[in-house]
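Asker: Attaching a single structure in structure tokens format; questions to follow.
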Amino acid sequence: ALPICILVERQARQIVELASVYSPRALDPAFQGARYVEVDLSKMIERKRAIVTALLGSIPDHLQFCSANVLDRDELSRGLAHLGNAPVAVIAEGLLRYLTFEEKTLLAGNVRHILSTHGGVWITPDIHLRKWALERRPEDGVDWNFQEQLGRDLNPNYFDSFAHARSFFEGCGFRVEEQPLLEGIWERVVSLPLASPEFLAELEHRRIFIMTPDLA
């Protein structure tokens with residue numbers, strides 16, 4: 001999961017979460033003074049709105065929903081037209097491995113357009129390496145690649161290495177900084193002792209990419 005502390009440390013006042021699905025991050029008290037926009041397809045947004053209303057009785061004032069396909073720039077721009085002048089923190093978690101590299105390029109262009117307009121940063125832990133997927137063979141009967149459910153193979157969507165991922169995003173017009181996924185929060189992740197040794201090893205090597213448009 002994307003550590004909330006990164007957004008808090010950067011004093012993000014406008015946060016746009018792409019493909020938010022059922023993420024509860026927007027309901028964290030740390031963001032009640034910020035504008036938090038969840039973006040997803042219309043059916044998912046309807047479900048999320050109903051869930052939040054059922055839990056809290058109403059939608060919190062700081063939380064807004066945007067029905068849009070993140071790969072459609074016009075649709076996304078219209079949905080985010082209400083954003084203010086403050087810089088935007090765009091976050092995406094659990095999205096990129098489902099996108100082909102052509103789709104990743106479209107997404108990167110759309111995020112760059114948002115940040116070029118408003119200023120800000122793109123933060124994502126979605127740097128999944130192919131070797132991790134290959135190591136997660138279904139000994140326990142679990143299809144970690146979700147090939148059966150999705151009807152397609154995700155292996156072509158993975159990055160070969162962190163260097164490959166950095167090169168890809170730089171080629172899309174971003175300056176990239178990296179930090180370990182668990183930096184500063186290892187001791188606070190209470191579920192880590194329950195994880196398998198293989199998954200723990202993966203988490204230790206996972207990276208978060210923090211990207212800003214290279215406007216030079």
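Ligands are numbered from 1 in the order shown, chains are lettered A, B, ... in the order of the structure tokens, and residues start at 1 in each chain.
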Residues at most 10 Å from A:Asp40, counting only C-alpha atoms, excluding those fewer than 4 positions away in the same chain, as JSON, numbers by chain?

Answerer: {"A": [17, 18, 19, 20, 21, 44, 45, 46, 48, 65, 66, 67, 68, 69, 70, 76]}

Asker: For the residues in that selection, give me all heavy atoms as a compact mmCIF listing (two decimals), in the first residue's frame.

Answerer:
# COMPACT_ATOMS: atom_id res chain seq x y z
N GLU A 17 -6.88 10.30 -6.81
CA GLU A 17 -6.55 8.88 -6.81
C GLU A 17 -7.18 8.22 -8.03
O GLU A 17 -8.41 8.19 -8.18
CB GLU A 17 -7.04 8.20 -5.53
CG GLU A 17 -6.67 6.73 -5.47
CD GLU A 17 -6.86 6.09 -4.11
OE1 GLU A 17 -7.33 6.77 -3.17
OE2 GLU A 17 -6.52 4.90 -3.99
N LEU A 18 -6.34 7.69 -8.91
CA LEU A 18 -6.80 7.06 -10.14
C LEU A 18 -7.17 5.61 -9.89
O LEU A 18 -6.45 4.89 -9.19
CB LEU A 18 -5.71 7.15 -11.20
CG LEU A 18 -5.20 8.56 -11.55
CD1 LEU A 18 -4.10 8.47 -12.60
CD2 LEU A 18 -6.34 9.45 -12.04
N ALA A 19 -8.28 5.17 -10.49
CA ALA A 19 -8.76 3.79 -10.32
C ALA A 19 -8.81 3.44 -8.84
O ALA A 19 -8.21 2.46 -8.40
CB ALA A 19 -7.86 2.82 -11.10
N SER A 20 -9.54 4.23 -8.08
CA SER A 20 -9.55 4.11 -6.62
C SER A 20 -10.24 2.85 -6.12
O SER A 20 -9.96 2.38 -5.02
CB SER A 20 -10.23 5.34 -6.01
OG SER A 20 -11.54 5.50 -6.53
N VAL A 21 -11.16 2.29 -6.90
CA VAL A 21 -11.89 1.07 -6.56
C VAL A 21 -12.43 1.20 -5.12
O VAL A 21 -13.14 2.14 -4.81
CB VAL A 21 -11.02 -0.19 -6.76
CG1 VAL A 21 -11.89 -1.44 -6.79
CG2 VAL A 21 -10.24 -0.11 -8.07
N MET A 44 -18.29 1.77 -10.78
CA MET A 44 -17.51 1.66 -9.54
C MET A 44 -17.73 2.89 -8.66
O MET A 44 -17.85 2.78 -7.43
CB MET A 44 -16.03 1.49 -9.86
CG MET A 44 -15.15 1.35 -8.61
SD MET A 44 -15.65 0.01 -7.51
CE MET A 44 -15.27 -1.42 -8.53
N ILE A 45 -17.81 4.06 -9.27
CA ILE A 45 -18.05 5.29 -8.50
C ILE A 45 -19.41 5.22 -7.82
O ILE A 45 -19.57 5.62 -6.64
CB ILE A 45 -17.94 6.53 -9.39
CG1 ILE A 45 -16.48 6.78 -9.77
CG2 ILE A 45 -18.53 7.76 -8.70
CD1 ILE A 45 -15.56 7.11 -8.61
N GLU A 46 -20.42 4.69 -8.51
CA GLU A 46 -21.75 4.55 -7.90
C GLU A 46 -21.68 3.64 -6.68
O GLU A 46 -22.28 3.92 -5.64
CB GLU A 46 -22.73 3.98 -8.93
CG GLU A 46 -23.11 4.95 -10.03
CD GLU A 46 -23.92 4.28 -11.12
OE1 GLU A 46 -24.38 3.13 -10.91
OE2 GLU A 46 -24.11 4.89 -12.19
N LYS A 48 -19.01 2.97 -4.84
CA LYS A 48 -18.21 3.59 -3.78
C LYS A 48 -19.01 4.66 -3.07
O LYS A 48 -18.96 4.78 -1.83
CB LYS A 48 -16.95 4.20 -4.40
CG LYS A 48 -15.93 4.70 -3.38
CD LYS A 48 -15.36 3.55 -2.55
CE LYS A 48 -14.27 4.00 -1.59
NZ LYS A 48 -13.02 4.32 -2.28
N PHE A 65 -16.07 12.69 -6.14
CA PHE A 65 -15.96 11.55 -7.04
C PHE A 65 -15.96 12.02 -8.49
O PHE A 65 -16.65 12.97 -8.84
CB PHE A 65 -17.12 10.57 -6.82
CG PHE A 65 -17.11 9.91 -5.47
CD1 PHE A 65 -18.01 10.27 -4.49
CD2 PHE A 65 -16.18 8.92 -5.19
CE1 PHE A 65 -18.00 9.67 -3.26
CE2 PHE A 65 -16.16 8.30 -3.96
CZ PHE A 65 -17.08 8.68 -2.98
N CYS A 66 -15.18 11.33 -9.30
CA CYS A 66 -15.07 11.66 -10.72
C CYS A 66 -15.25 10.38 -11.53
O CYS A 66 -14.45 9.45 -11.39
CB CYS A 66 -13.70 12.29 -11.01
SG CYS A 66 -13.29 12.43 -12.77
N SER A 67 -16.30 10.32 -12.32
CA SER A 67 -16.53 9.18 -13.20
C SER A 67 -15.78 9.41 -14.51
O SER A 67 -16.16 10.30 -15.28
CB SER A 67 -18.03 9.01 -13.48
OG SER A 67 -18.74 8.77 -12.29
N ALA A 68 -14.73 8.64 -14.72
CA ALA A 68 -13.93 8.84 -15.94
C ALA A 68 -13.06 7.63 -16.19
O ALA A 68 -12.64 6.93 -15.27
CB ALA A 68 -13.06 10.09 -15.81
N ASN A 69 -12.79 7.40 -17.46
CA ASN A 69 -11.79 6.42 -17.87
C ASN A 69 -10.43 7.12 -17.82
O ASN A 69 -10.23 8.12 -18.51
CB ASN A 69 -12.11 5.95 -19.29
CG ASN A 69 -11.14 4.92 -19.81
OD1 ASN A 69 -10.02 4.78 -19.33
ND2 ASN A 69 -11.56 4.17 -20.82
N VAL A 70 -9.50 6.61 -17.02
CA VAL A 70 -8.23 7.30 -16.83
C VAL A 70 -7.40 7.35 -18.11
O VAL A 70 -6.43 8.10 -18.19
CB VAL A 70 -7.40 6.66 -15.69
CG1 VAL A 70 -8.14 6.77 -14.37
CG2 VAL A 70 -7.05 5.20 -16.01
N LEU A 76 -11.27 12.61 -18.61
CA LEU A 76 -10.59 12.87 -17.34
C LEU A 76 -10.49 14.37 -17.08
O LEU A 76 -10.73 14.84 -15.95
CB LEU A 76 -9.20 12.24 -17.37
CG LEU A 76 -8.40 12.20 -16.07
CD1 LEU A 76 -9.15 11.45 -14.98
CD2 LEU A 76 -7.03 11.54 -16.31

Asker: Going by DSSP on the backbone, which bits of stretch 1-214 of chain A are alpha helix (DSSP H)? Write them as a PyMOL selection string, please.

Answerer: chain A and resi 4-9+42-56+73-79+101-118+130-135+147-150+162-171+197-205

Asker: Going by DSSP on the backbone, which bits of stretch 9-192 of chain A are strand (DSSP E or B)? Write them as a ChimeraX atom specification, please.

Answerer: /A:14-18,35-40,63-67,88-92,120-124,129,159,174-180

Asker: Since we have the selection now, will you write its residues out, keeping C-alpha atoms, as a compact mmCIF listing (two decimals), in the first residue's frame?

Answerer:
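New file out_19.txt:
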# COMPACT_ATOMS: atom_id res chain seq x y z
CA GLN A 14 -5.40 18.30 -3.65
CA ILE A 15 -5.18 14.54 -4.13
CA VAL A 16 -6.43 12.66 -7.18
CA GLU A 17 -6.55 8.88 -6.81
CA LEU A 18 -6.80 7.06 -10.14
CA ARG A 35 -9.61 18.05 -1.45
CA TYR A 36 -9.62 14.35 -2.27
CA VAL A 37 -10.93 13.21 -5.67
CA GLU A 38 -11.50 9.54 -6.42
CA VAL A 39 -11.50 8.64 -10.12
CA ASP A 40 -12.98 5.44 -11.51
CA LEU A 63 -14.30 13.85 -0.74
CA GLN A 64 -15.36 14.16 -4.38
CA PHE A 65 -15.96 11.55 -7.04
CA CYS A 66 -15.07 11.66 -10.72
CA SER A 67 -16.53 9.18 -13.20
CA VAL A 88 -2.05 18.13 -7.25
CA ALA A 89 -0.77 14.82 -5.90
CA VAL A 90 -1.85 12.13 -8.37
CA ILE A 91 -1.70 8.64 -6.90
CA ALA A 92 -2.29 5.23 -8.46
CA GLY A 120 2.35 18.70 -8.44
CA VAL A 121 3.60 15.15 -8.39
CA TRP A 122 2.65 11.59 -9.43
CA ILE A 123 3.23 9.00 -6.70
CA THR A 124 2.86 5.28 -7.37
CA LEU A 129 8.68 -6.61 -11.90
CA PHE A 159 8.63 -4.11 -16.02
CA PHE A 174 8.98 12.70 -16.10
CA ARG A 175 11.80 13.22 -13.65
CA VAL A 176 11.87 10.19 -11.36
CA GLU A 177 12.95 9.74 -7.77
CA GLU A 178 12.70 6.41 -6.00
CA GLN A 179 12.36 5.35 -2.39
CA PRO A 180 11.86 1.95 -0.73
